[in-house]
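Okay, structure first, notes after.
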Amino acid sequence: MKKHFLVLLLFVFTASFAQNKNNFKKYYSEKDELEIINVIDRQVKSWNEGNIEGYMAGYWNSDSLRMVSKAGIQYGWDLTLDMYKRNFSGKEAMGALRLKAIKLDFINKDVAFVIGKWEVDSNSVVGGHFVQLWEKIKGKWVITTDYTS
C-alpha cells in the first residue's frame, strides 16, 4: 500500500510538472530560490553542530507536516522532531550532513519542488535522495512534505 501511494505521488508530481514545465520559468524568482538554498544551508549547519531543533526550523511547524520514508508516512512536526531525537541521540550519532539540491522548480509563486541528494558521514557514509515540497507560509519558505530514500 505504501509503495502504491509513493508511486501515485510521484506520478501526480511528474504529470503535473510535465504539463506545466513552461510555467516553472513564469514563477521563478532568484530571491525565493536563494531563500530556499539558505534554509537548506542553515539546516546543514545546525545538523553538523548537533542542533536538531535548528535543523527542524526548515520544516513547517505543523501537525500537517508530512514525512515519507521506507518506514511509511508520518504526520506532524513534533513527531518528526521526536523521531530525529530518538534516532540521532547526540552530535556524534548525527555525523556530518551534506545536502545538495539537484533540481528546484517553482510550481507557483508560493510553492516549490526540490529534488536533491543527502549524505551523512558518521561511522560510515550513508546517503540517498530526497524529494521535497516547499511552501511559502507567512512569508517564510518551509518544507511541508519530505520524501527521503
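In the C-alpha cells, the first chain shown is A, the next is B, and so on; residue numbers restart at 1 for each chain, and ligands run from 1 in the order shown.
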
Problem set entry | Selection near segment 46-61 of chain A, 7 Å with only C-alpha atoms, sequence-local residues under 3 positions removed, as a ChimeraX atom specification | /A:39,42-43,65,77,81,90-91,94-97,142-144

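Of the residues listed (A:Lys136, A:Arg66, A:Arg86, A:His129), A:Lys136 shows the shortest atom-to-atom separation from Phe106 of chain A; distances use only C-alpha atoms.
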
Exercise. Which residue, A:Leu133, A:Met67, A:Leu99, A:Leu104, has the smallest gap to Met83 of chain A when you use only C-alpha atoms?
Worked result: A:Met67

What's around segment 26-37 of chain A at 9 Å? Count only C-alpha atoms, leave out sequence neighbours fewer than 2 positions away in its own chain, and write the answer as a compact mmCIF listing (two decimals) with C-alpha atoms, in the first residue's frame.
```txt
# COMPACT_ATOMS: atom_id res chain seq x y z
CA ASN A 22 6.95 26.15 -19.19
CA ASN A 23 5.20 27.64 -16.16
CA PHE A 24 8.24 26.98 -13.95
CA VAL A 39 17.26 27.41 4.57
CA ILE A 40 18.97 24.23 3.33
CA ASP A 41 22.38 25.68 4.26
CA ARG A 42 21.11 26.58 7.77
CA ALA A 101 19.66 20.47 -4.26
CA LEU A 104 14.49 23.33 -7.82
CA ASP A 105 11.30 24.26 -9.67
CA PHE A 106 8.59 26.73 -8.75
CA ILE A 107 5.06 25.41 -9.23
CA ASN A 108 3.62 28.82 -8.39
CA LYS A 109 4.84 31.88 -6.50
CA ASP A 110 4.36 30.16 -3.12
CA ALA A 112 8.46 24.92 -4.95
CA TRP A 134 8.29 23.68 -0.13
CA LYS A 140 8.82 32.05 5.12
CA TRP A 141 9.88 29.10 2.92
CA VAL A 142 9.42 25.77 4.73
```

For this session: Kindly indicate which residue among A:Glu92, A:Lys70, A:Lys103, A:Tyr84 lies nearest to Tyr147 of chain A, using only C-alpha atoms for the distances.
Result: A:Lys70
